[in-house]
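> Structure file protein.txt, compact mmCIF, C-alpha atoms, is pasted below:
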# COMPACT_ATOMS: atom_id res chain seq x y z
CA MET A 78 43.89 73.32 38.54
CA GLY A 79 43.50 72.58 34.84
CA ASN A 80 41.62 70.71 32.16
CA CYS A 81 42.01 67.45 30.21
CA HIS A 82 42.04 68.01 26.42
CA THR A 83 41.60 65.30 23.76
CA VAL A 84 42.10 65.24 19.98
CA GLY A 85 41.23 62.77 17.20
CA PRO A 86 43.64 61.12 14.77
CA ASN A 87 43.10 63.95 12.22
CA GLU A 88 44.34 66.70 14.57
CA ALA A 89 47.47 67.56 16.52
CA LEU A 90 47.25 69.09 20.01
CA VAL A 91 50.06 71.53 20.92
CA VAL A 92 50.50 72.20 24.64
CA SER A 93 53.01 74.95 25.49
CA GLY A 94 53.98 76.58 28.79
CA GLY A 95 53.82 75.08 32.24
CA CYS A 96 54.96 75.48 35.85
CA CYS A 97 58.17 77.17 36.91
CA GLY A 98 58.58 79.07 33.66
CA SER A 99 58.90 75.91 31.51
CA ASP A 100 59.17 76.63 27.74
CA GLY A 101 58.72 73.04 26.53
CA LYS A 102 56.11 72.04 23.95
CA THR A 103 54.11 68.82 23.84
CA TYR A 104 52.63 67.45 20.59
CA ILE A 105 49.69 65.03 20.96
CA VAL A 106 48.18 63.22 17.90
CA GLY A 107 44.98 61.24 18.53
CA GLY A 108 45.26 61.33 22.32
CA TRP A 109 44.84 63.56 25.39
CA SER A 110 46.87 65.90 27.56
CA TRP A 111 46.55 67.86 30.78
CA ALA A 112 46.76 71.67 30.64
CA TRP A 113 47.02 74.01 33.63
CA TRP A 114 44.90 77.04 33.87
CA LEU A 115 46.53 80.37 33.08
CA ILE A 116 50.01 78.94 32.61
CA SER A 117 49.44 76.49 29.72
CA ASP A 118 48.43 77.29 26.14
CA ILE A 119 46.38 74.85 24.01
CA GLN A 120 46.43 75.06 20.18
CA ARG A 121 45.26 72.64 17.47
CA MET A 122 46.48 71.93 13.96
CA SER A 123 44.65 69.91 11.28
CA LEU A 124 46.37 66.85 9.90
CA GLU A 125 43.89 66.28 7.07
CA VAL A 126 44.93 66.02 3.43
CA MET A 127 44.91 69.30 1.50
CA THR A 128 44.32 69.39 -2.28
CA ILE A 129 46.22 72.13 -4.12
CA LEU A 130 45.58 73.05 -7.76
CA CYS A 131 48.74 74.37 -9.44
CA ARG A 132 48.25 76.35 -12.66
CA CYS A 133 51.09 77.82 -14.72
CA GLU A 134 50.23 79.84 -17.85
CA ASN A 135 52.45 80.88 -20.76
CA ILE A 136 55.50 79.10 -19.37
CA GLU A 137 58.13 78.63 -22.08
CA THR A 138 59.76 75.26 -22.45
CA SER A 139 63.41 74.69 -23.33
CA GLU A 140 62.42 75.14 -27.00
CA GLY A 141 60.60 78.42 -26.31
CA VAL A 142 57.10 77.02 -26.82
CA PRO A 143 54.63 78.61 -24.35
CA LEU A 144 52.49 76.06 -22.50
CA ASP A 145 49.69 76.13 -19.98
CA VAL A 146 50.14 73.34 -17.43
CA THR A 147 47.73 72.37 -14.65
CA GLY A 148 48.77 70.01 -11.83
CA VAL A 149 47.10 68.65 -8.73
CA ALA A 150 49.00 68.04 -5.49
CA GLN A 151 47.88 66.19 -2.36
CA VAL A 152 49.76 67.39 0.76
CA LYS A 153 49.46 67.06 4.56
CA VAL A 154 51.25 67.96 7.75
CA MET A 155 53.73 65.28 8.84
CA THR A 156 53.25 63.73 12.33
CA GLU A 157 56.87 63.13 13.41
CA ASN A 158 57.64 65.35 16.41
CA GLU A 159 60.51 67.23 14.78
CA LEU A 160 58.71 67.77 11.44
CA LEU A 161 55.46 68.51 13.27
CA GLY A 162 57.40 71.14 15.25
CA TYR A 163 58.57 72.70 11.93
CA ALA A 164 54.97 72.81 10.70
CA CYS A 165 53.80 74.35 13.98
CA GLU A 166 56.51 77.01 13.74
CA GLN A 167 55.45 77.85 10.17
CA PHE A 168 51.68 77.48 10.18
CA LEU A 169 50.33 77.30 13.77
CA GLY A 170 47.52 79.78 14.12
CA LYS A 171 46.99 80.08 10.32
CA SER A 172 43.97 78.88 8.46
CA VAL A 173 43.94 76.05 5.92
CA VAL A 174 43.60 78.57 3.06
CA GLU A 175 46.73 80.42 4.16
CA ILE A 176 48.66 77.15 4.47
CA LYS A 177 47.52 76.12 0.95
CA SER A 178 48.60 79.49 -0.45
CA VAL A 179 52.15 79.13 0.93
CA ILE A 180 52.50 75.58 -0.40
CA LEU A 181 50.97 76.61 -3.77
CA GLN A 182 53.54 79.33 -4.29
CA THR A 183 56.35 76.87 -3.62
CA LEU A 184 54.95 74.20 -5.96
CA GLU A 185 54.24 76.68 -8.79
CA GLY A 186 57.80 78.03 -8.57
CA HIS A 187 59.32 74.58 -8.90
CA LEU A 188 56.82 73.71 -11.68
CA ARG A 189 57.89 76.77 -13.73
CA ALA A 190 61.54 75.95 -13.20
CA ILE A 191 61.16 72.38 -14.36
CA LEU A 192 59.01 73.37 -17.40
CA GLY A 193 61.89 75.54 -18.63
CA THR A 194 64.24 72.55 -18.71
CA LEU A 195 62.04 70.13 -20.69
CA THR A 196 60.78 69.94 -24.24
CA VAL A 197 57.12 69.80 -25.21
CA GLU A 198 57.42 66.18 -26.24
CA GLN A 199 58.94 65.23 -22.88
CA ILE A 200 56.22 67.07 -20.99
CA TYR A 201 53.33 65.78 -23.10
CA GLN A 202 54.39 62.23 -23.72
CA ASP A 203 55.86 61.39 -20.29
CA ARG A 204 53.64 63.14 -17.79
CA ASP A 205 54.42 60.67 -15.02
CA ARG A 206 58.15 61.41 -15.23
CA PHE A 207 57.41 65.14 -15.32
CA ALA A 208 55.19 64.88 -12.21
CA ALA A 209 57.76 62.73 -10.41
CA LEU A 210 60.44 65.30 -11.21
CA VAL A 211 58.32 68.13 -9.78
CA ARG A 212 57.62 66.11 -6.64
CA GLU A 213 61.29 65.22 -6.27
CA VAL A 214 62.46 68.85 -6.60
CA ALA A 215 59.73 70.36 -4.43
CA SER A 216 59.72 67.80 -1.62
CA PRO A 217 62.86 69.11 0.21
CA ASP A 218 61.51 72.68 0.32
CA VAL A 219 58.04 71.79 1.55
CA GLY A 220 59.56 69.17 3.85
CA ARG A 221 61.40 71.89 5.73
CA MET A 222 57.97 73.38 6.36
CA GLY A 223 56.78 70.08 7.89
CA ILE A 224 54.67 69.33 4.83
CA GLU A 225 54.65 66.01 2.94
CA ILE A 226 53.71 65.73 -0.75
CA LEU A 227 51.57 62.63 -0.98
CA SER A 228 51.04 62.85 -4.74
CA PHE A 229 51.50 65.21 -7.65
CA THR A 230 49.95 64.63 -11.07
CA ILE A 231 49.74 66.62 -14.30
CA LYS A 232 46.09 67.27 -14.99
CA ASP A 233 46.25 69.13 -18.28
CA VAL A 234 48.81 70.41 -20.81
CA TYR A 235 47.79 72.72 -23.64
CA ASP A 236 49.08 75.67 -25.64
CA LYS A 237 47.69 78.68 -27.47
CA VAL A 238 49.92 78.48 -30.59
CA GLU A 239 48.56 75.06 -31.76
CA TYR A 240 51.96 73.46 -31.40
CA LEU A 241 50.54 70.36 -29.78
CA SER A 242 47.83 70.03 -32.43
CA SER A 243 50.42 70.33 -35.25
CA LEU A 244 52.59 67.81 -33.50
CA GLY A 245 49.55 65.64 -33.14
CA LYS A 246 48.67 65.93 -36.83
CA THR A 247 52.16 64.89 -37.93
CA GLN A 248 52.18 62.13 -35.46
CA THR A 249 48.64 61.19 -36.47
CA ALA A 250 49.59 61.04 -40.16
CA ALA A 251 52.60 58.88 -39.38
CA VAL A 252 50.54 56.76 -37.11
CA GLN A 253 47.80 56.50 -39.79
CA ARG A 254 50.37 55.49 -42.39
CA ASP A 255 51.91 52.94 -40.12
CA ALA A 256 48.42 51.81 -39.20
CA ASP A 257 47.45 51.25 -42.86
CA ILE A 258 50.65 49.33 -43.48
CA GLY A 259 50.11 47.44 -40.31
CA VAL A 260 46.50 46.69 -41.27
CA ALA A 261 47.54 45.35 -44.68
CA GLU A 262 50.31 43.27 -43.20
CA ALA A 263 48.00 42.20 -40.43
CA GLU A 264 45.30 41.17 -42.94
CA ARG A 265 47.89 39.26 -44.94
CA ASP A 266 49.26 37.60 -41.85
CA ALA A 267 45.72 37.10 -40.60
CA GLY A 268 44.75 35.33 -43.84
CA ILE A 269 47.78 33.11 -43.65
CA ARG A 270 47.28 32.55 -39.97
CA GLU A 271 43.57 31.96 -40.49
CA ALA A 272 44.30 29.24 -43.06
CA GLU A 273 46.87 27.71 -40.74
CA CYS A 274 44.46 28.00 -37.85
CA LYS A 275 41.69 26.39 -39.89
CA ARG A 276 44.02 23.55 -40.82
CA GLU A 277 45.12 23.19 -37.22
CA MET A 278 41.49 23.51 -36.14
CA MET A 279 40.46 20.70 -38.50
CA ASP A 280 43.35 18.58 -37.28
CA VAL A 281 42.44 19.31 -33.69
CA LYS A 282 38.76 18.76 -34.50
CA PHE A 283 39.44 15.40 -36.11
CA LEU A 284 41.70 14.46 -33.23
CA ALA A 285 39.11 15.70 -30.74
CA ASP A 286 36.33 13.82 -32.58
CA THR A 287 38.43 10.69 -32.50
CA LYS A 288 39.14 11.13 -28.82
CA MET A 289 35.48 11.93 -28.18
CA ALA A 290 34.43 8.79 -30.07
CA ASP A 291 36.96 6.76 -28.08
CA SER A 292 35.86 8.40 -24.86
CA LYS A 293 32.22 7.86 -25.75
CA ARG A 294 32.88 4.22 -26.57
CA GLU A 295 34.79 3.78 -23.31
CA LEU A 296 31.99 5.63 -21.49
CA GLU A 297 29.34 3.39 -23.02
CA MET A 298 31.40 0.30 -22.18
CA GLN A 299 31.92 1.59 -18.65
CA LYS A 300 28.22 2.39 -18.37
CA ALA A 301 27.35 -1.08 -19.63
CA SER A 302 29.76 -2.59 -17.11
CA PHE A 303 28.36 -0.42 -14.32
CA ASN A 304 24.81 -1.22 -15.38
CA GLN A 305 25.65 -4.92 -15.40
CA GLU A 306 27.15 -4.65 -11.91
CA VAL A 307 24.20 -2.55 -10.73
CA ASN A 308 21.70 -4.98 -12.23
CA THR A 309 23.60 -7.89 -10.71
CA LYS A 310 23.61 -6.21 -7.31
CA LYS A 311 19.95 -5.30 -7.72
CA ALA A 312 19.10 -8.88 -8.66
CA GLU A 313 21.12 -10.19 -5.71
CA ALA A 314 19.50 -7.65 -3.42
CA GLN A 315 16.07 -8.53 -4.80
CA LEU A 316 16.72 -12.25 -4.36
CA ALA A 317 18.07 -11.66 -0.86
CA TYR A 318 15.07 -9.50 -0.09
CA GLU A 319 12.66 -12.09 -1.46
CA LEU A 320 14.51 -14.86 0.41
CA GLN A 321 14.45 -12.88 3.63
CA ALA A 322 10.82 -11.97 3.01
CA ALA A 323 10.04 -15.65 2.40
CA LYS A 324 11.86 -16.58 5.63
CA GLU A 325 10.02 -13.88 7.55
CA GLN A 326 6.75 -14.97 5.94
CA GLN A 327 7.55 -18.55 6.89
CA LYS A 328 8.25 -17.48 10.47
CA ILE A 329 5.03 -15.49 10.50
CA ARG A 330 3.17 -18.48 9.06
CA LEU A 331 4.71 -20.78 11.68
CA GLU A 332 3.66 -18.36 14.39
CA GLU A 333 0.19 -18.19 12.88
CA ILE A 334 0.05 -22.00 12.71
CA GLU A 335 1.14 -22.20 16.34
CA ILE A 336 -1.50 -19.65 17.24
CA GLU A 337 -4.05 -21.59 15.20
CA VAL A 338 -2.96 -24.83 16.91
CA VAL A 339 -3.32 -23.23 20.31
CA GLN A 340 -6.68 -21.79 19.31
CA ARG A 341 -7.72 -25.12 17.83
CA LYS A 342 -6.67 -26.93 21.03
CA LYS A 343 -8.63 -24.45 23.08
CA GLN A 344 -11.55 -24.79 20.66
CA ILE A 345 -11.30 -28.59 20.86
CA THR A 346 -11.22 -28.41 24.66
CA ILE A 347 -14.23 -26.11 24.62
CA GLU A 348 -15.98 -28.35 22.10
CA GLU A 349 -15.16 -31.46 24.17
CA LYS A 350 -16.58 -29.78 27.22
CA GLU A 351 -19.57 -28.67 25.18
CA ILE A 352 -19.94 -32.22 23.84
CA ASP A 353 -19.79 -33.61 27.37
CA ARG A 354 -22.34 -31.04 28.49
CA THR A 355 -24.54 -31.70 25.46
CA GLU A 356 -24.13 -35.45 25.93
CA LYS A 357 -25.15 -35.22 29.54
CA GLU A 358 -27.98 -32.93 28.59
CA LEU A 359 -29.08 -35.35 25.85
CA ILE A 360 -28.77 -38.25 28.22
CA ALA A 361 -30.95 -36.42 30.70
CA THR A 362 -33.42 -34.94 28.23
CA VAL A 363 -33.42 -37.40 25.30
CA LYS A 364 -31.67 -40.68 25.97
CA ARG A 365 -33.38 -41.58 29.19
CA PRO A 366 -36.88 -40.74 27.89
CA ALA A 367 -35.98 -42.40 24.59
CA GLU A 368 -34.74 -45.50 26.33
CA ALA A 369 -37.98 -45.64 28.27
CA GLU A 370 -39.97 -45.08 25.10
CA ALA A 371 -37.80 -47.60 23.25
CA TYR A 372 -38.33 -50.15 25.97
CA LYS A 373 -42.03 -49.52 25.73
CA MET A 374 -41.96 -49.77 21.93
CA GLN A 375 -39.77 -52.88 22.20
CA GLN A 376 -42.25 -54.56 24.44
CA LEU A 377 -45.10 -53.54 22.18
CA ALA A 378 -43.10 -54.67 19.11
CA GLU A 379 -42.32 -58.00 20.72
CA GLY A 380 -46.01 -58.44 21.44
CA GLN A 381 -46.91 -57.54 17.86
CA LYS A 382 -44.08 -59.75 16.60
CA THR A 383 -45.32 -62.69 18.61
CA LYS A 384 -48.82 -62.06 17.33
CA LYS A 385 -47.66 -61.74 13.71
CA VAL A 386 -45.42 -64.80 14.03
CA LEU A 387 -48.27 -66.90 15.30
CA THR A 388 -50.60 -65.49 12.63
CA ALA A 389 -47.98 -66.06 9.94
CA GLN A 390 -47.37 -69.60 11.14
CA ALA A 391 -51.07 -70.31 10.94
CA GLU A 392 -51.30 -68.70 7.49
CA ALA A 393 -48.24 -70.57 6.33
CA GLU A 394 -49.69 -73.83 7.57
CA LYS A 395 -52.88 -73.00 5.71
CA ILE A 396 -51.00 -72.12 2.53
CA ARG A 397 -48.91 -75.28 2.87
CA PHE A 398 -51.98 -77.42 3.08
CA ILE A 399 -53.57 -75.60 0.12
CA GLY A 400 -50.30 -75.87 -1.83
CA GLU A 401 -50.03 -79.55 -1.12
CA ALA A 402 -53.59 -79.99 -2.36
CA GLU A 403 -52.96 -77.96 -5.50
CA ALA A 404 -49.67 -79.74 -6.10
CA SER A 405 -51.42 -83.08 -5.86
CA ALA A 406 -54.04 -81.86 -8.32
CA ILE A 407 -51.40 -80.44 -10.69
CA GLU A 408 -49.43 -83.66 -10.40
CA ALA A 409 -52.45 -85.63 -11.33
CA VAL A 410 -53.26 -83.30 -14.26
CA GLY A 411 -49.64 -83.37 -15.35
CA LYS A 412 -49.57 -87.13 -15.23
CA ALA A 413 -52.74 -87.20 -17.30
CA GLU A 414 -51.30 -84.71 -19.81
CA ALA A 415 -48.06 -86.62 -19.96
CA GLU A 416 -49.94 -89.81 -20.54
CA LYS A 417 -51.93 -88.02 -23.22
CA MET A 418 -48.79 -86.70 -24.85
CA ARG A 419 -47.21 -90.14 -24.64
CA LEU A 420 -50.16 -91.63 -26.30
CA LYS A 421 -50.11 -88.86 -28.98
CA ALA A 422 -46.45 -89.40 -29.53
CA GLU A 423 -46.98 -93.10 -29.95
CA ALA A 424 -49.81 -92.34 -32.38
CA TYR A 425 -47.70 -89.81 -34.25
CA GLN A 426 -44.87 -92.27 -34.39
CA GLN A 427 -47.20 -94.92 -35.64
CA TYR A 428 -48.78 -92.74 -38.31
CA GLY A 429 -45.58 -90.79 -39.23
CA ASP A 430 -45.96 -87.89 -41.66
CA ALA A 431 -49.71 -88.02 -41.55
CA ALA A 432 -49.60 -87.15 -37.87
CA LYS A 433 -47.23 -84.26 -38.44
CA THR A 434 -49.48 -83.03 -41.20
CA ALA A 435 -52.46 -83.24 -38.94
CA LEU A 436 -50.62 -81.17 -36.30
CA VAL A 437 -49.69 -78.58 -38.88
CA LEU A 438 -53.24 -78.41 -40.13
CA GLU A 439 -54.47 -78.02 -36.58
CA ALA A 440 -51.95 -75.17 -36.08
CA LEU A 441 -52.67 -73.38 -39.34
CA PRO A 442 -55.92 -71.80 -38.17
CA LYS A 443 -54.17 -70.49 -35.08
CA ILE A 444 -51.34 -69.07 -37.22
CA ALA A 445 -53.81 -67.52 -39.60
CA GLY A 446 -55.69 -66.04 -36.67
CA LYS A 447 -52.51 -64.48 -35.27
CA ILE A 448 -51.61 -63.10 -38.72
CA ALA A 449 -55.10 -61.73 -39.30
CA ALA A 450 -55.36 -60.24 -35.80
CA PRO A 451 -54.15 -56.77 -36.90
CA LEU A 452 -56.58 -56.87 -39.84
CA SER A 453 -59.48 -57.22 -37.42
CA LYS A 454 -58.98 -53.59 -36.49
CA ILE A 455 -59.38 -52.41 -40.13
CA ASN A 456 -62.89 -51.38 -41.16
CA GLU A 457 -62.41 -51.51 -44.94
CA ILE A 458 -59.78 -52.75 -47.43
CA VAL A 459 -59.73 -51.26 -50.90
CA ILE A 460 -57.53 -52.93 -53.52
CA LEU A 461 -56.84 -50.70 -56.51
CA SER A 462 -56.22 -52.62 -59.71
CA GLY A 463 -56.78 -51.84 -63.36
CA GLU A 464 -57.52 -55.44 -64.29
CA GLY A 465 -60.61 -57.41 -63.29
CA ASN A 466 -58.81 -60.61 -62.24
CA ARG A 467 -56.07 -58.81 -60.25
CA VAL A 468 -57.54 -59.73 -56.86
CA THR A 469 -57.86 -63.36 -57.78
CA GLY A 470 -54.27 -63.43 -58.90
CA GLU A 471 -53.04 -61.95 -55.61
CA VAL A 472 -55.02 -64.55 -53.61
CA ASN A 473 -53.66 -67.40 -55.69
CA ARG A 474 -50.12 -66.03 -55.24
CA LEU A 475 -50.52 -65.97 -51.46
CA LEU A 476 -51.78 -69.57 -51.47
CA ALA A 477 -48.88 -70.61 -53.68
CA GLU A 478 -46.36 -69.04 -51.21
CA LEU A 479 -48.06 -70.62 -48.15
CA PRO A 480 -46.32 -74.05 -48.34
CA VAL A 481 -42.92 -72.38 -48.52
CA SER A 482 -43.65 -70.28 -45.39
CA VAL A 483 -44.96 -73.33 -43.51
CA ASN A 484 -41.89 -75.34 -44.50
CA ALA A 485 -39.66 -72.54 -43.24
CA LEU A 486 -41.52 -72.34 -39.93
CA THR A 487 -42.27 -76.02 -39.17
CA GLY A 488 -40.12 -78.05 -41.51
CA VAL A 489 -43.23 -79.75 -42.96
CA ASP A 490 -43.49 -79.77 -46.76
CA LEU A 491 -47.14 -79.35 -47.63
CA THR A 492 -46.46 -79.96 -51.31
CA LYS A 493 -45.89 -83.64 -50.50
CA ILE A 494 -49.41 -84.06 -49.15
CA PRO A 495 -51.45 -85.45 -52.09
CA LEU A 496 -54.66 -83.62 -51.20
CA LEU A 497 -52.96 -80.23 -50.78
CA GLN A 498 -50.79 -80.89 -53.81
CA LYS A 499 -53.88 -81.25 -55.99
CA MET A 500 -55.33 -78.00 -54.51
CA ILE A 501 -52.15 -75.90 -54.85
CA THR A 502 -50.98 -77.01 -58.33
CA PRO A 503 -53.88 -75.53 -60.35
CA GLN A 504 -53.67 -72.30 -58.34
CA CYS A 505 -49.96 -71.98 -59.01
CA GLN A 506 -50.53 -72.53 -62.71
CA THR A 507 -53.30 -69.88 -62.71
CA ALA A 508 -51.01 -67.40 -60.91
CA MET A 509 -48.36 -68.00 -63.48
Can you turn what I pasted into structure tokens?

Amino acid sequence: MGNCHTVGPNEALVVSGGCCGSDGKTYIVGGWSWAWWLISDIQRMSLEVMTILCRCENIETSEGVPLDVTGVAQVKVMTENELLGYACEQFLGKSVVEIKSVILQTLEGHLRAILGTLTVEQIYQDRDRFAALVREVASPDVGRMGIEILSFTIKDVYDKVEYLSSLGKTQTAAVQRDADIGVAEAERDAGIREAECKREMMDVKFLADTKMADSKRELEMQKASFNQEVNTKKAEAQLAYELQAAKEQQKIRLEEIEIEVVQRKKQITIEEKEIDRTEKELIATVKRPAEAEAYKMQQLAEGQKTKKVLTAQAEAEKIRFIGEAEASAIEAVGKAEAEKMRLKAEAYQQYGDAAKTALVLEALPKIAGKIAAPLSKINEIVILSGEGNRVTGEVNRLLAELPVSVNALTGVDLTKIPLLQKMITPQCQTAM
């Protein structure tokens, strides 16, 4: 019987021994293996990276300058079966500290040997080459132990005789001198280059401004073109929308009109039926009683009409008889007046102007009465005059103007009548 043993990728499992006196060894990395009881031996070895600090003090270089050098090495056990077997032969059963001590001694020996072949400048200025040289020389020795040097770097290099500081001062002075020269030349070149750069910058700026102006102009023109196209499309879309809306509105209006027509037809049908019902109701409730009442009133009216007609005929006959009597009387009076006027006319014709004068004299009182009619409503007349004969003069003036007024009204000249001529002449003279 036995057990199943497993290991992770950072360990190596070493199984030795077996049945029938077998002396074979099995190396398992990151896996499992079967081990028999009593006849198989199980051992483990770490495969993790080990950091080793190498420190060499007072090691003389090829020029005899003592240096203190510190290096750091990263090493690990290799996993190939043959090399892993070498590592197991050398270090199986030892602790990590013991393994580090063995590797440290080997690395320090090679580090001292290499330091004796190089100068201080080579060690200090080219540390990478120095580290690579140490790794190259030490790798075969540690490789035979099954160990791989992953990296080796020089951590620190210093001395106790101030050789490095003196070398640094000389180098610093030279570097400072070269730096000052370089700064002056750089400032000179920088000034020249700055002027050239400014000129180039202005040229580029002017060129860029020109291109920007051209681009801006092209952009504005493109925008204007796009805006025109957009506005055109918007206007077309708006017109299409309005046209479609108008069409839809027209369809809706047609539908509404059709609905209204249907409703109106139904309303007309209802109204016609209502009219028929109302007509029948009116016929039953109004027309028939009204016709009866009308017939009654018609009969009564015909009776009244007959009565009034007969009465009117009798009254008309009466008036006709009275009219005929009055007409006969008026005819007789008219004939008498006409005869009278004929006789007056013959008399006037016979007497001539004397007759006309007589008619005028007969009419004068009537004219005077008509003229004085408004004065009959006056209670008192007061004539204001500063002279005593003023009233008499006014009366005489009126009498003097009377023939002229009569002549204008009747055409009769009173001044040609001898009697009136004798009466008017002295009055006219007095008025004058």
> Kindly provide, as lines of an AutoDock Vina configuration file, the centre and edge lengths (Å, one decimal) of an axis-aligned box around all atoms of stretch 225-233 of chain A given in the file, with 4 Å on each side.

center_x = 50.4
center_y = 65.9
center_z = -7.7
size_x = 16.6
size_y = 14.5
size_z = 29.2
> Between A:Ile200, A:Leu320, A:Met122, A:Leu195, which has the minimum distance to A:Val146 (counting all atoms listed in the file)?
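With all atoms listed in the file as the atom set, the closest residue is A:Ile200.
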> Which polymer residues, whether protein, DNA or RNA, lie within 7 Å of the coordinate (59.6, 75.8, -21.2) when you count all atoms listed in the file? List them as a ChimeraX atom specification, using the chain letters and numbers from the file.
/A:136-143,192-196
> Rounded to one decimal, what separation in Å do you get between atom CA of A:Leu181 and atom CA of A:Lys232?
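These atoms are spaced 15.4 Å apart.
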